[in-house]
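Peer 1: Provided below: upload_36.cif, containing mmCIF, C-alpha atoms.
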```cif
data_entry
#
loop_
_atom_site.label_atom_id
_atom_site.label_comp_id
_atom_site.auth_asym_id
_atom_site.auth_seq_id
_atom_site.Cartn_x
_atom_site.Cartn_y
_atom_site.Cartn_z
CA ALA A 56 0.00 0.00 0.00
CA SER A 57 1.20 3.52 -0.82
CA LEU A 58 1.04 6.79 1.10
CA ASP A 59 -0.29 10.13 -0.10
CA PRO A 60 2.60 12.65 -0.29
CA ARG A 61 0.79 14.79 2.28
CA GLU A 62 0.94 11.96 4.84
CA SER A 63 4.37 13.15 5.94
CA HIS A 64 4.09 11.73 9.46
CA LEU A 65 3.84 8.18 8.09
CA ALA A 66 6.47 5.99 6.44
CA ASP A 67 7.03 2.33 5.57
CA LEU A 68 3.31 1.58 5.42
CA LYS A 69 2.43 -2.09 5.86
CA GLN A 70 -1.00 -3.68 5.34
CA LEU A 71 -1.77 -6.46 7.82
CA THR A 72 -5.29 -7.61 6.85
CA PHE A 73 -6.75 -8.15 3.40
CA GLY A 74 -10.52 -8.06 3.00
CA GLY A 75 -13.57 -7.78 5.20
CA GLU A 76 -14.16 -5.28 7.98
CA ASN A 77 -11.17 -5.03 10.30
CA ALA A 78 -10.84 -2.23 12.84
CA GLU A 79 -9.92 -1.16 16.37
CA ALA A 80 -6.51 -2.83 16.26
CA TYR A 81 -4.74 -2.29 19.60
CA TRP A 82 -1.16 -3.17 20.57
CA ALA A 83 0.10 -5.77 22.97
CA PHE A 84 2.25 -4.17 25.65
CA ASP A 85 5.39 -5.81 24.24
CA GLY A 86 4.64 -4.37 20.77
CA SER A 87 4.74 -7.73 19.00
CA GLN A 88 1.06 -8.21 18.10
CA LEU A 89 -2.31 -6.55 17.67
CA ILE A 90 -5.77 -7.56 18.84
CA PHE A 91 -8.64 -6.38 16.67
CA GLN A 92 -12.31 -6.59 15.78
CA THR A 93 -13.21 -8.28 12.50
CA LYS A 94 -16.17 -9.35 10.41
CA ARG A 95 -15.15 -12.01 7.92
CA PRO A 96 -16.32 -15.46 6.82
CA PRO A 97 -17.47 -17.69 8.38
CA TYR A 98 -18.61 -15.22 11.06
CA ALA A 99 -21.81 -13.26 10.47
CA CYS A 100 -20.92 -10.45 12.89
CA ASP A 101 -17.86 -9.00 14.58
CA GLN A 102 -15.43 -11.30 16.39
CA ILE A 103 -12.05 -10.73 18.06
CA MET A 104 -8.76 -11.91 16.56
CA ARG A 105 -5.09 -11.26 17.22
CA MET A 106 -2.10 -11.31 14.88
CA PRO A 107 1.67 -10.76 14.92
CA ILE A 108 2.75 -7.51 13.29
CA ASP A 109 5.57 -9.20 11.37
CA GLY A 110 3.11 -11.27 9.34
CA SER A 111 4.67 -14.53 10.54
CA ALA A 112 1.26 -16.09 11.23
CA PRO A 113 -2.33 -15.45 10.12
CA PRO A 114 -4.89 -13.91 12.49
CA THR A 115 -6.27 -16.31 15.09
CA LEU A 116 -9.68 -16.25 16.76
CA VAL A 117 -9.79 -15.13 20.39
CA SER A 118 -13.54 -14.71 21.00
CA THR A 119 -16.07 -17.54 21.04
CA GLY A 120 -17.25 -17.17 17.44
CA THR A 121 -20.81 -16.62 18.68
CA GLY A 122 -22.76 -13.48 19.50
CA ARG A 123 -21.28 -10.10 18.61
CA THR A 124 -18.08 -8.71 20.09
CA THR A 125 -16.41 -5.31 20.30
CA CYS A 126 -13.52 -3.37 21.82
CA SER A 127 -10.74 -5.80 22.72
CA TYR A 128 -7.50 -5.01 24.56
CA PHE A 129 -4.44 -6.74 26.01
CA LEU A 130 -3.81 -6.71 29.74
CA PRO A 131 -0.28 -5.99 31.03
CA GLY A 132 1.93 -9.03 30.53
CA ASP A 133 0.04 -9.89 27.30
CA GLU A 134 -1.03 -13.28 28.65
CA GLU A 135 -4.65 -12.13 29.02
CA VAL A 136 -7.06 -10.05 26.98
CA ILE A 137 -10.41 -8.34 27.52
CA TYR A 138 -13.30 -7.79 25.14
CA ALA A 139 -17.06 -7.24 25.17
CA SER A 140 -19.51 -9.82 23.86
CA THR A 141 -23.21 -10.64 23.63
CA HIS A 142 -22.72 -14.42 23.31
CA GLU A 143 -24.21 -15.30 26.71
CA VAL A 144 -27.36 -13.30 25.98
CA ASP A 145 -27.80 -14.92 22.56
CA PRO A 146 -25.29 -16.89 20.45
CA ALA A 147 -26.87 -15.41 17.30
CA CYS A 148 -25.93 -12.02 15.90
CA PRO A 149 -28.13 -9.25 17.35
CA PRO A 150 -30.43 -7.48 14.88
CA PRO A 151 -29.20 -4.32 13.14
CA PRO A 152 -30.50 -0.94 14.39
CA ASP A 153 -33.50 0.86 12.89
CA HIS A 154 -31.89 3.22 10.38
CA SER A 155 -35.20 4.94 9.72
CA LEU A 156 -34.05 7.01 12.70
CA GLY A 157 -30.93 8.08 10.80
CA TYR A 158 -27.37 6.99 11.48
CA VAL A 159 -27.46 5.44 14.95
CA TRP A 160 -25.38 2.98 16.95
CA PRO A 161 -27.16 0.17 18.82
CA LEU A 162 -26.45 -0.41 22.50
CA TYR A 163 -26.41 -4.18 22.52
CA ASP A 164 -26.36 -6.24 25.72
CA TYR A 165 -22.59 -6.42 25.93
CA SER A 166 -20.72 -7.70 28.97
CA ILE A 167 -16.96 -7.41 29.42
CA TYR A 168 -14.91 -10.63 29.57
CA ARG A 169 -11.33 -11.56 30.41
CA ALA A 170 -9.62 -14.55 28.80
CA LYS A 171 -6.24 -16.02 28.11
CA ALA A 172 -4.66 -14.62 24.95
CA ASP A 173 -5.74 -17.76 23.06
CA GLY A 174 -9.36 -17.24 24.16
CA SER A 175 -9.43 -19.95 26.82
CA GLU A 176 -10.47 -19.59 30.48
CA LEU A 177 -13.13 -17.01 29.71
CA VAL A 178 -14.36 -15.04 32.76
CA ARG A 179 -17.22 -12.54 32.83
CA LEU A 180 -16.23 -9.30 34.59
CA THR A 181 -19.43 -7.22 34.44
CA GLU A 182 -22.81 -8.40 35.66
CA ALA A 183 -24.91 -5.25 35.33
CA PRO A 184 -27.70 -5.61 32.74
CA GLY A 185 -27.51 -3.48 29.59
CA TYR A 186 -24.47 -2.10 27.84
CA SER A 187 -20.96 -2.51 29.27
CA ALA A 188 -18.20 -2.28 26.65
CA GLU A 189 -15.36 -0.15 25.25
CA ALA A 190 -12.90 -1.36 27.89
CA THR A 191 -9.19 -0.48 27.75
CA ALA A 192 -6.50 -1.14 30.33
CA CYS A 193 -3.87 0.77 32.28
CA GLY A 194 -0.43 -0.63 31.47
CA ARG A 195 0.70 -0.41 35.09
CA ASP A 196 -1.92 -2.26 37.14
CA GLY A 197 -4.37 -3.64 34.56
CA SER A 198 -7.29 -1.60 35.88
CA MET A 199 -9.82 -0.77 33.20
CA VAL A 200 -11.86 2.17 32.01
CA PHE A 201 -15.11 1.29 30.22
CA THR A 202 -18.50 2.66 29.18
CA SER A 203 -21.84 1.53 30.62
CA ASP A 204 -25.47 2.61 30.75
CA ARG A 205 -26.01 0.92 34.14
CA ASP A 206 -27.02 4.22 35.79
CA GLY A 207 -29.29 5.43 33.00
CA ASP A 208 -26.75 7.33 30.89
CA LEU A 209 -23.64 6.41 28.91
CA GLU A 210 -20.86 7.13 31.39
CA LEU A 211 -17.24 6.16 32.01
CA TYR A 212 -16.38 3.77 34.83
CA ARG A 213 -13.17 2.30 36.18
CA MET A 214 -12.70 -1.16 37.69
CA ASP A 215 -9.89 -3.39 38.88
CA ARG A 216 -8.36 -6.09 36.72
CA ASP A 217 -10.66 -8.65 38.31
CA GLY A 218 -13.80 -6.54 37.71
CA LYS A 219 -14.12 -5.36 41.31
CA ASN A 220 -14.25 -1.87 42.83
CA VAL A 221 -16.28 -0.22 40.05
CA VAL A 222 -16.18 3.59 40.27
CA ARG A 223 -18.12 6.04 38.10
CA LEU A 224 -15.90 8.72 36.50
CA THR A 225 -18.28 10.99 34.52
CA ASN A 226 -21.67 12.49 35.33
CA ALA A 227 -22.72 14.96 32.62
CA PRO A 228 -25.68 14.06 30.36
CA GLY A 229 -24.44 12.68 27.04
CA TYR A 230 -22.36 9.87 25.65
CA ASP A 231 -18.93 9.27 27.23
CA GLY A 232 -16.96 6.47 25.64
CA GLY A 233 -13.89 5.12 23.87
CA ALA A 234 -11.52 6.10 26.68
CA PHE A 235 -7.79 5.40 26.83
CA PHE A 236 -5.18 5.90 29.54
CA SER A 237 -2.03 7.91 29.03
CA ALA A 238 1.17 5.84 29.10
CA ASP A 239 1.71 6.63 32.80
CA CYS A 240 -2.00 6.04 33.58
CA THR A 241 -2.40 9.49 35.16
CA LYS A 242 -4.73 10.84 32.44
CA LEU A 243 -7.70 9.75 30.35
CA VAL A 244 -8.74 10.82 26.87
CA TRP A 245 -12.17 9.98 25.41
CA ARG A 246 -15.01 11.03 23.11
CA ALA A 247 -18.12 12.69 24.47
CA SER A 248 -21.34 14.39 23.48
CA ARG A 249 -22.86 17.17 25.58
CA PRO A 250 -26.30 17.73 24.04
CA HIS A 251 -28.57 20.56 25.15
CA GLY A 252 -32.15 21.57 24.39
CA ASP A 253 -33.70 19.63 21.52
CA ALA A 254 -30.47 17.67 21.04
CA LEU A 255 -30.66 16.43 24.64
CA THR A 256 -34.31 15.43 24.14
CA ASP A 257 -33.33 13.49 21.02
CA TYR A 258 -30.41 11.84 22.83
CA GLN A 259 -32.58 10.71 25.73
CA ALA A 260 -35.34 9.44 23.43
CA LEU A 261 -32.83 7.34 21.48
CA LEU A 262 -31.21 6.11 24.66
CA ALA A 263 -34.59 4.79 25.82
CA LYS A 264 -34.60 2.73 22.60
CA ARG A 265 -31.04 1.51 23.28
CA LEU A 266 -29.61 3.69 20.52
CA VAL A 267 -27.18 6.61 20.27
CA ARG A 268 -26.54 9.06 17.43
CA PRO A 269 -22.75 9.57 17.21
CA THR A 270 -22.71 12.55 14.84
CA LYS A 271 -21.59 15.23 17.32
CA LEU A 272 -18.70 14.04 19.46
CA GLU A 273 -15.78 16.03 20.87
CA ILE A 274 -12.53 14.97 22.52
CA TYR A 275 -12.10 15.37 26.29
CA VAL A 276 -9.24 14.79 28.74
CA ALA A 277 -9.24 14.36 32.53
CA ASN A 278 -7.23 12.94 35.37
CA ALA A 279 -7.49 9.16 35.66
CA ASP A 280 -10.04 9.50 38.48
CA GLY A 281 -12.28 11.64 36.26
CA SER A 282 -11.39 14.93 37.93
CA ASP A 283 -10.42 18.10 36.07
CA ALA A 284 -12.30 17.05 32.92
CA ARG A 285 -12.07 19.52 30.04
CA GLN A 286 -13.01 19.69 26.40
CA VAL A 287 -10.12 19.70 23.89
CA THR A 288 -11.83 19.96 20.49
CA TYR A 289 -14.61 22.27 19.32
CA LEU A 290 -15.07 20.91 15.81
CA ASP A 291 -18.84 20.32 15.76
CA ALA A 292 -18.22 16.98 14.05
CA ALA A 293 -17.98 13.26 14.78
CA SER A 294 -14.60 13.09 16.50
CA PHE A 295 -13.68 9.83 18.22
CA ALA A 296 -11.00 7.15 18.87
CA PRO A 297 -8.52 9.49 20.60
CA PHE A 298 -5.11 8.26 21.71
CA PHE A 299 -2.26 10.07 23.41
CA HIS A 300 0.89 10.88 21.44
CA PRO A 301 4.00 9.39 23.15
CA SER A 302 4.82 12.85 24.51
CA GLY A 303 1.53 12.94 26.41
CA LYS A 304 1.09 16.51 25.14
CA ARG A 305 -0.72 15.72 21.91
CA ILE A 306 -3.70 13.56 20.87
CA LEU A 307 -4.40 11.68 17.65
CA PHE A 308 -8.06 11.04 16.84
CA SER A 309 -10.49 10.32 13.99
CA SER A 310 -12.92 12.92 12.66
CA ASN A 311 -15.08 13.87 9.70
CA VAL A 312 -14.45 17.58 10.33
CA GLY A 313 -14.51 19.58 7.13
CA ASP A 314 -16.70 17.18 5.14
CA PRO A 315 -20.21 18.59 4.67
CA GLN A 316 -21.47 15.07 3.90
CA GLY A 317 -19.86 13.64 7.02
CA ARG A 318 -18.47 10.65 5.14
CA GLU A 319 -14.76 11.45 4.90
CA PHE A 320 -12.99 10.39 8.09
CA ASP A 321 -9.32 11.07 8.65
CA ILE A 322 -6.82 10.96 11.47
CA TRP A 323 -6.07 14.34 13.02
CA ALA A 324 -3.76 15.54 15.77
CA ILE A 325 -4.18 18.29 18.33
CA ASP A 326 -2.29 19.48 21.40
CA THR A 327 -3.95 18.70 24.73
CA ASP A 328 -4.60 22.42 25.21
CA GLY A 329 -6.66 22.47 21.99
CA SER A 330 -4.03 24.17 19.79
CA ASN A 331 -2.18 23.05 16.66
CA LEU A 332 -4.88 21.07 14.89
CA GLU A 333 -3.23 19.05 12.13
CA ARG A 334 -4.49 16.58 9.55
CA ILE A 335 -2.47 13.34 9.48
CA THR A 336 -4.11 11.13 6.80
CA TRP A 337 -5.43 12.05 3.36
CA SER A 338 -6.69 8.80 1.87
CA ALA A 339 -10.25 8.81 0.52
CA GLY A 340 -12.86 7.19 2.73
CA PHE A 341 -12.14 6.13 6.30
CA ASP A 342 -8.95 6.39 8.31
CA GLY A 343 -9.31 5.90 12.03
CA PHE A 344 -8.53 4.17 15.32
CA PRO A 345 -4.92 5.41 15.60
CA MET A 346 -2.80 3.81 18.33
CA PHE A 347 0.91 4.20 18.96
CA SER A 348 3.05 1.17 19.70
CA PRO A 349 4.35 1.05 23.28
CA ASP A 350 7.75 2.37 22.18
CA GLY A 351 6.11 5.22 20.23
CA THR A 352 7.75 4.36 16.91
CA LEU A 353 4.81 2.82 15.04
CA LEU A 354 1.20 3.80 14.44
CA ALA A 355 -1.52 1.19 13.90
CA PHE A 356 -4.74 2.36 12.26
CA SER A 357 -7.68 1.15 10.17
CA SER A 358 -8.39 2.37 6.66
CA ASN A 359 -10.45 1.94 3.49
CA ARG A 360 -7.31 2.47 1.38
CA ASN A 361 -6.17 -0.24 -1.04
CA GLN A 362 -9.58 -1.93 -1.02
CA ALA A 363 -10.05 -5.19 -2.86
CA ARG A 364 -13.82 -4.67 -2.60
CA GLU A 365 -15.95 -1.67 -1.75
CA GLY A 366 -16.56 -1.62 1.99
CA ASP A 367 -13.30 -3.31 2.96
CA THR A 368 -11.57 -1.83 5.99
CA ASN A 369 -8.11 -3.14 6.82
CA VAL A 370 -5.47 -2.76 9.50
CA PHE A 371 -2.25 -0.93 8.65
CA VAL A 372 0.95 -0.14 10.51
CA ALA A 373 3.31 2.71 9.64
CA ARG A 374 6.49 4.13 11.08
CA TRP A 375 5.76 7.44 12.80
CA VAL A 376 7.77 10.42 11.58
CA GLU A 377 7.91 13.11 14.27
CA ARG A 378 7.01 16.40 12.68
CA THR A 379 4.10 17.72 14.72
CA ALA A 380 2.62 21.13 14.25
CA SER A 381 3.77 22.13 17.74
CA LEU A 382 7.37 21.31 16.80
CA ALA A 383 7.30 22.97 13.34
CA PRO A 384 9.41 26.11 12.67
CA SER A 385 7.57 29.11 14.06
CA GLY A 386 9.28 32.01 12.30
CA ALA A 387 7.53 33.78 9.43
CA ALA A 388 10.45 33.14 7.06
CA GLU A 389 10.49 29.43 7.85
CA ARG A 390 6.70 29.15 7.43
CA PHE A 391 6.87 30.95 4.09
CA ARG A 392 9.73 28.72 2.90
CA ASP A 393 7.93 25.52 3.88
CA ALA A 394 4.64 26.65 2.32
CA VAL A 395 6.29 27.57 -0.99
CA ALA A 396 8.26 24.31 -1.03
CA TRP A 397 5.11 22.25 -0.50
CA LEU A 398 2.93 24.13 -2.99
CA ALA A 399 5.68 24.22 -5.65
CA ASP A 400 6.62 20.55 -5.30
CA ASP A 401 6.32 18.51 -8.50
CA ALA A 402 3.70 16.39 -6.74
CA ARG A 403 1.32 19.40 -6.97
CA GLU A 404 1.40 19.13 -10.80
CA GLY A 405 1.82 22.88 -11.17
CA ARG A 406 -1.59 23.26 -9.50
CA GLY A 407 -3.09 23.14 -12.98
CA ILE A 408 -6.84 23.32 -13.58
CA GLY A 409 -8.41 19.89 -13.05
CA THR A 410 -5.32 18.31 -11.51
CA ALA A 411 -5.13 16.39 -8.28
CA GLY A 412 -2.35 18.78 -7.28
CA LEU A 413 -4.73 21.72 -7.38
CA GLU A 414 -7.29 19.86 -5.28
CA ALA A 415 -4.59 18.85 -2.79
CA SER A 416 -3.34 22.44 -2.55
CA GLY A 417 -6.83 23.72 -1.84
CA ALA A 418 -7.30 21.13 0.90
CA TRP A 419 -3.91 22.05 2.39
CA ILE A 420 -4.83 25.75 2.52
CA GLU A 421 -8.17 24.88 4.15
CA ASP A 422 -6.29 22.95 6.84
CA GLN A 423 -3.98 25.89 7.48
CA LEU A 424 -7.02 28.12 7.95
CA ARG A 425 -8.71 25.58 10.19
CA ALA A 426 -5.57 25.23 12.32
CA ALA A 427 -5.61 29.02 12.74
CA CYS A 428 -9.24 28.76 13.93
CA VAL A 429 -10.52 30.78 10.97
CA GLU A 430 -14.27 30.39 10.48
CA PRO A 431 -15.70 29.51 7.01
CA GLY A 432 -16.02 32.58 4.79
CA LEU A 433 -13.37 35.23 4.10
CA ALA A 434 -14.89 38.24 5.82
CA GLY A 435 -12.36 39.80 8.14
CA VAL A 436 -9.49 37.49 7.18
CA THR A 437 -6.09 39.19 7.00
CA ARG A 438 -2.80 37.78 5.76
CA SER A 439 -1.49 37.66 9.32
CA MET A 440 -4.19 35.08 10.05
CA LEU A 441 -2.94 32.71 7.34
CA PRO A 442 0.14 30.89 8.69
CA GLY A 443 2.57 29.84 6.02
CA LEU A 444 0.98 31.88 3.21
#
```
Using the file provided, produce a representation of the structure as structure tokens.

Peer 2:
Amino acid sequence: ASLDPRESHLADLKQLTFGGENAEAYWAFDGSQLIFQTKRPPYACDQIMRMPIDGSAPPTLVSTGTGRTTCSYFLPGDEEVIYASTHEVDPACPPPPDHSLGYVWPLYDYSIYRAKADGSELVRLTEAPGYSAEATACGRDGSMVFTSDRDGDLELYRMDRDGKNVVRLTNAPGYDGGAFFSADCTKLVWRASRPHGDALTDYQALLAKRLVRPTKLEIYVANADGSDARQVTYLDAASFAPFFHPSGKRILFSSNVGDPQGREFDIWAIDTDGSNLERITWSAGFDGFPMFSPDGTLLAFSSNRNQAREGDTNVFVARWVERTASLAPSGAAERFRDAVAWLADDAREGRGIGTAGLEASGAWIEDQLRAACVEPGLAGVTRSMLPGL
């Protein structure tokens, strides 16, 4: 698989799966393998598999092969894994949601399970009825953060490695989910909605039907106990799957920001203080679920690129090239030089009418404006507001 020239943070791209729907690939703590969610024959709905990143063996099934699963993760030591599954409620695949209500996610009756890395010795960790899923683990003690509707809303909770000592971390109305710990386990990053007015009424009505509409999600950070929570992004889009950069000062996440149709998802980066928004991927379709390897050198993500069939989503790994917006040259001369070099590069095809280079240049300029927090429309824009131009 090849990289778009604008994907300058990525190198040595390697495709690890080939066909079907493969996503949410998360690293083992020793960096040697990934565990991921997949829908492929002979399974009618999502199951959990793991695979070595060197391609030395094909993916192997971890979950039971029955029910529907989601959101798997290794526990420290890599001898055990966790994932959510509906197989004890019903071994059949649960029915799809009612899309007459628009694009909605179903809240199936998931429980969280722990098993050996080969899937054996399965133990149920959550007993509360309803939705308990989206669990990830702290690399230091194996405690987990997860999402549940056990108290009537979709909130974050934390529990010990054995499922005990459950503590609620969030309390605001709206969806809180997809949380990850920082490398030192002192911070959390997650996606959240904070609906008000009619949007809150719609959210609560859907929740009563065991549904959620994930079209307006922002990225939040907090201390690991849920304190000091604050909003990082204000993109008014579907932003999700956040993960801390190895520095702990930056976040990578997926979003459809900038696409009026809401269909183009890419990986973006932003500083934890909400500055330096930067687009990382440029492939058409979906790019998401970014996760750094434990040593910070590789990025695993899921993408529609290099599809064999329409609808395929595959797992990729790339070497991370450190060139974040917060570390870029800050002087006007350096910004001007870099902008001219990029726009004048042969890859831009002279920015001729009808060329891909012209389209790419327009998208690049839009990103520079967005990073400067310029609102759509040119009224009031001055050259000093356009970094690099």

Peer 1: Write out, as CSV, each residue of stretch 196-279 of chain A that has an atom at most 10 Å from stretch 300-318 of chain A, together with the closest pair of atoms and their distance in Å to one decimal, counting all atoms listed in the file, rows going by chain and rising number.

Peer 2:
```
residue,atom,partner,partner_atom,distance
A:Ser237,CA,A:Gly303,CA,6.7
A:Ala238,CA,A:Pro301,CA,7.5
A:Asp239,CA,A:Gly303,CA,9.0
A:Lys242,CA,A:Gly303,CA,8.9
A:Val244,CA,A:Ile306,CA,8.3
A:Trp245,CA,A:Phe308,CA,9.6
A:Arg246,CA,A:Phe308,CA,9.4
A:Thr270,CA,A:Gly317,CA,8.4
A:Leu272,CA,A:Ser310,CA,9.0
A:Glu273,CA,A:Ser310,CA,9.2
A:Ile274,CA,A:Phe308,CA,8.2
A:Val276,CA,A:Ile306,CA,9.7
```

Peer 1: Could you jot down the atom CA of A:Ser187 to atom CA of A:Asp208 separation for me, Å, one decimal place?

Peer 2: 11.5 Å

Peer 1: Which polymer residues have any atom within 6 Å of an atom of stretch 334-343 of chain A, counting all atoms listed in the file, with same-chain residues fewer than 4 positions away left out, as a PyMOL selection string?

Peer 2: chain A and resi 62+309+319-323+356-359

Peer 1: Calculated over all atoms listed in the file, which of the candidates A:Thr115, A:Ser416, A:Ser127, A:Thr368 has the smallest distance to A:Ala83?

Peer 2: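 So, comparing all the options, the nearest one is A:Ser127.
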
Peer 1: Taking 3 positions as the minimum chain separation for residues in the same chain, which residues sit within 8 Å of A:Gly218 when counting all atoms listed in the file? Answer as number ranges by chain.

Peer 2: A: 180-181, 214-215, 221

Peer 1: Excluding stretch 134-151 of chain A and its own-chain neighbours fewer than 4 positions away, which residues fall within 9 Å of it when counting all atoms listed in the file? Please give them as number ranges by chain.

Peer 2: A: 90, 99-103, 117-130, 161, 163-174, 187-192

Peer 1: Spell out the residues picked by the PyMOL selection byres ((chain A and resi 109) around 9) here, as a PDB file with C-alpha atoms, keeping the file's coordinate frame.

Peer 2:
```pdb
ATOM      1  CA  LEU A  71      -1.770  -6.460   7.820  1.00  0.00           C
ATOM      2  CA  SER A  87       4.740  -7.730  19.000  1.00  0.00           C
ATOM      3  CA  GLN A  88       1.060  -8.210  18.100  1.00  0.00           C
ATOM      4  CA  MET A 106      -2.100 -11.310  14.880  1.00  0.00           C
ATOM      5  CA  PRO A 107       1.670 -10.760  14.920  1.00  0.00           C
ATOM      6  CA  ILE A 108       2.750  -7.510  13.290  1.00  0.00           C
ATOM      7  CA  GLY A 110       3.110 -11.270   9.340  1.00  0.00           C
ATOM      8  CA  SER A 111       4.670 -14.530  10.540  1.00  0.00           C
ATOM      9  CA  ALA A 112       1.260 -16.090  11.230  1.00  0.00           C
TER      10      ALA A 112
END
```

Peer 1: Kindly give the distance, in Å, that separates atom CA of A:Thr72 and atom CA of A:Phe344, rounded to a single decimal.

Peer 2: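 Separation between atom CA of A:Thr72 and atom CA of A:Phe344: 14.9 Å.
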
Peer 1: Between atom CA of A:Pro345 and atom CA of A:Ala279, what is the distance in Å, rounded to a tenth?

Peer 2: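 Atom CA of A:Ala279 lies 20.6 Å from atom CA of A:Pro345.
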
Peer 1: Taking all atoms listed in the file into account, which of A:Gln259, A:Thr225, A:Gln70, A:Thr352 comes nearest A:Phe201?

Peer 2: A:Thr225

Peer 1: Kindly write stretch 247-267 of chain A with N, CA and C atoms to a file, as a PDB file, in the first residue's frame.

Peer 2:
```
ATOM      1  N   ALA A 247     -16.914  12.386  23.695  1.00  0.00           N
ATOM      2  CA  ALA A 247     -18.117  12.686  24.471  1.00  0.00           C
ATOM      3  C   ALA A 247     -19.048  13.585  23.692  1.00  0.00           C
ATOM      4  N   SER A 248     -20.336  13.438  23.961  1.00  0.00           N
ATOM      5  CA  SER A 248     -21.344  14.394  23.479  1.00  0.00           C
ATOM      6  C   SER A 248     -21.899  15.125  24.689  1.00  0.00           C
ATOM      7  N   ARG A 249     -22.242  16.384  24.510  1.00  0.00           N
ATOM      8  CA  ARG A 249     -22.856  17.171  25.579  1.00  0.00           C
ATOM      9  C   ARG A 249     -24.072  17.899  25.009  1.00  0.00           C
ATOM     10  N   PRO A 250     -25.129  17.131  24.690  1.00  0.00           N
ATOM     11  CA  PRO A 250     -26.301  17.731  24.042  1.00  0.00           C
ATOM     12  C   PRO A 250     -27.080  18.635  24.986  1.00  0.00           C
ATOM     13  N   HIS A 251     -27.718  19.637  24.403  1.00  0.00           N
ATOM     14  CA  HIS A 251     -28.574  20.561  25.154  1.00  0.00           C
ATOM     15  C   HIS A 251     -29.858  20.801  24.365  1.00  0.00           C
ATOM     16  N   GLY A 252     -30.896  21.218  25.053  1.00  0.00           N
ATOM     17  CA  GLY A 252     -32.151  21.570  24.387  1.00  0.00           C
ATOM     18  C   GLY A 252     -32.737  20.410  23.617  1.00  0.00           C
ATOM     19  N   ASP A 253     -33.107  20.668  22.355  1.00  0.00           N
ATOM     20  CA  ASP A 253     -33.703  19.627  21.516  1.00  0.00           C
ATOM     21  C   ASP A 253     -32.755  18.447  21.314  1.00  0.00           C
ATOM     22  N   ALA A 254     -31.444  18.744  21.233  1.00  0.00           N
ATOM     23  CA  ALA A 254     -30.468  17.671  21.040  1.00  0.00           C
ATOM     24  C   ALA A 254     -30.454  16.728  22.244  1.00  0.00           C
ATOM     25  N   LEU A 255     -30.616  17.264  23.437  1.00  0.00           N
ATOM     26  CA  LEU A 255     -30.663  16.426  24.638  1.00  0.00           C
ATOM     27  C   LEU A 255     -31.935  15.582  24.654  1.00  0.00           C
ATOM     28  N   THR A 256     -33.053  16.177  24.225  1.00  0.00           N
ATOM     29  CA  THR A 256     -34.310  15.426  24.142  1.00  0.00           C
ATOM     30  C   THR A 256     -34.169  14.270  23.165  1.00  0.00           C
ATOM     31  N   ASP A 257     -33.549  14.535  22.015  1.00  0.00           N
ATOM     32  CA  ASP A 257     -33.327  13.487  21.018  1.00  0.00           C
ATOM     33  C   ASP A 257     -32.412  12.398  21.568  1.00  0.00           C
ATOM     34  N   TYR A 258     -31.348  12.802  22.245  1.00  0.00           N
ATOM     35  CA  TYR A 258     -30.406  11.845  22.827  1.00  0.00           C
ATOM     36  C   TYR A 258     -31.109  10.920  23.824  1.00  0.00           C
ATOM     37  N   GLN A 259     -31.913  11.496  24.697  1.00  0.00           N
ATOM     38  CA  GLN A 259     -32.578  10.705  25.731  1.00  0.00           C
ATOM     39  C   GLN A 259     -33.653   9.794  25.133  1.00  0.00           C
ATOM     40  N   ALA A 260     -34.338  10.274  24.092  1.00  0.00           N
ATOM     41  CA  ALA A 260     -35.342   9.440  23.433  1.00  0.00           C
ATOM     42  C   ALA A 260     -34.690   8.233  22.760  1.00  0.00           C
ATOM     43  N   LEU A 261     -33.552   8.453  22.102  1.00  0.00           N
ATOM     44  CA  LEU A 261     -32.835   7.342  21.476  1.00  0.00           C
ATOM     45  C   LEU A 261     -32.274   6.389  22.524  1.00  0.00           C
ATOM     46  N   LEU A 262     -31.765   6.943  23.612  1.00  0.00           N
ATOM     47  CA  LEU A 262     -31.207   6.105  24.664  1.00  0.00           C
ATOM     48  C   LEU A 262     -32.262   5.152  25.233  1.00  0.00           C
ATOM     49  N   ALA A 263     -33.492   5.642  25.335  1.00  0.00           N
ATOM     50  CA  ALA A 263     -34.586   4.793  25.823  1.00  0.00           C
ATOM     51  C   ALA A 263     -34.845   3.629  24.868  1.00  0.00           C
ATOM     52  N   LYS A 264     -34.460   3.792  23.596  1.00  0.00           N
ATOM     53  CA  LYS A 264     -34.604   2.727  22.603  1.00  0.00           C
ATOM     54  C   LYS A 264     -33.311   1.935  22.428  1.00  0.00           C
ATOM     55  N   ARG A 265     -32.350   2.166  23.319  1.00  0.00           N
ATOM     56  CA  ARG A 265     -31.044   1.507  23.282  1.00  0.00           C
ATOM     57  C   ARG A 265     -30.282   1.870  22.016  1.00  0.00           C
ATOM     58  N   LEU A 266     -30.307   3.169  21.694  1.00  0.00           N
ATOM     59  CA  LEU A 266     -29.612   3.695  20.524  1.00  0.00           C
ATOM     60  C   LEU A 266     -28.875   4.971  20.906  1.00  0.00           C
ATOM     61  N   VAL A 267     -27.860   5.330  20.109  1.00  0.00           N
ATOM     62  CA  VAL A 267     -27.177   6.610  20.273  1.00  0.00           C
ATOM     63  C   VAL A 267     -26.798   7.121  18.888  1.00  0.00           C
TER      64      VAL A 267
END
```
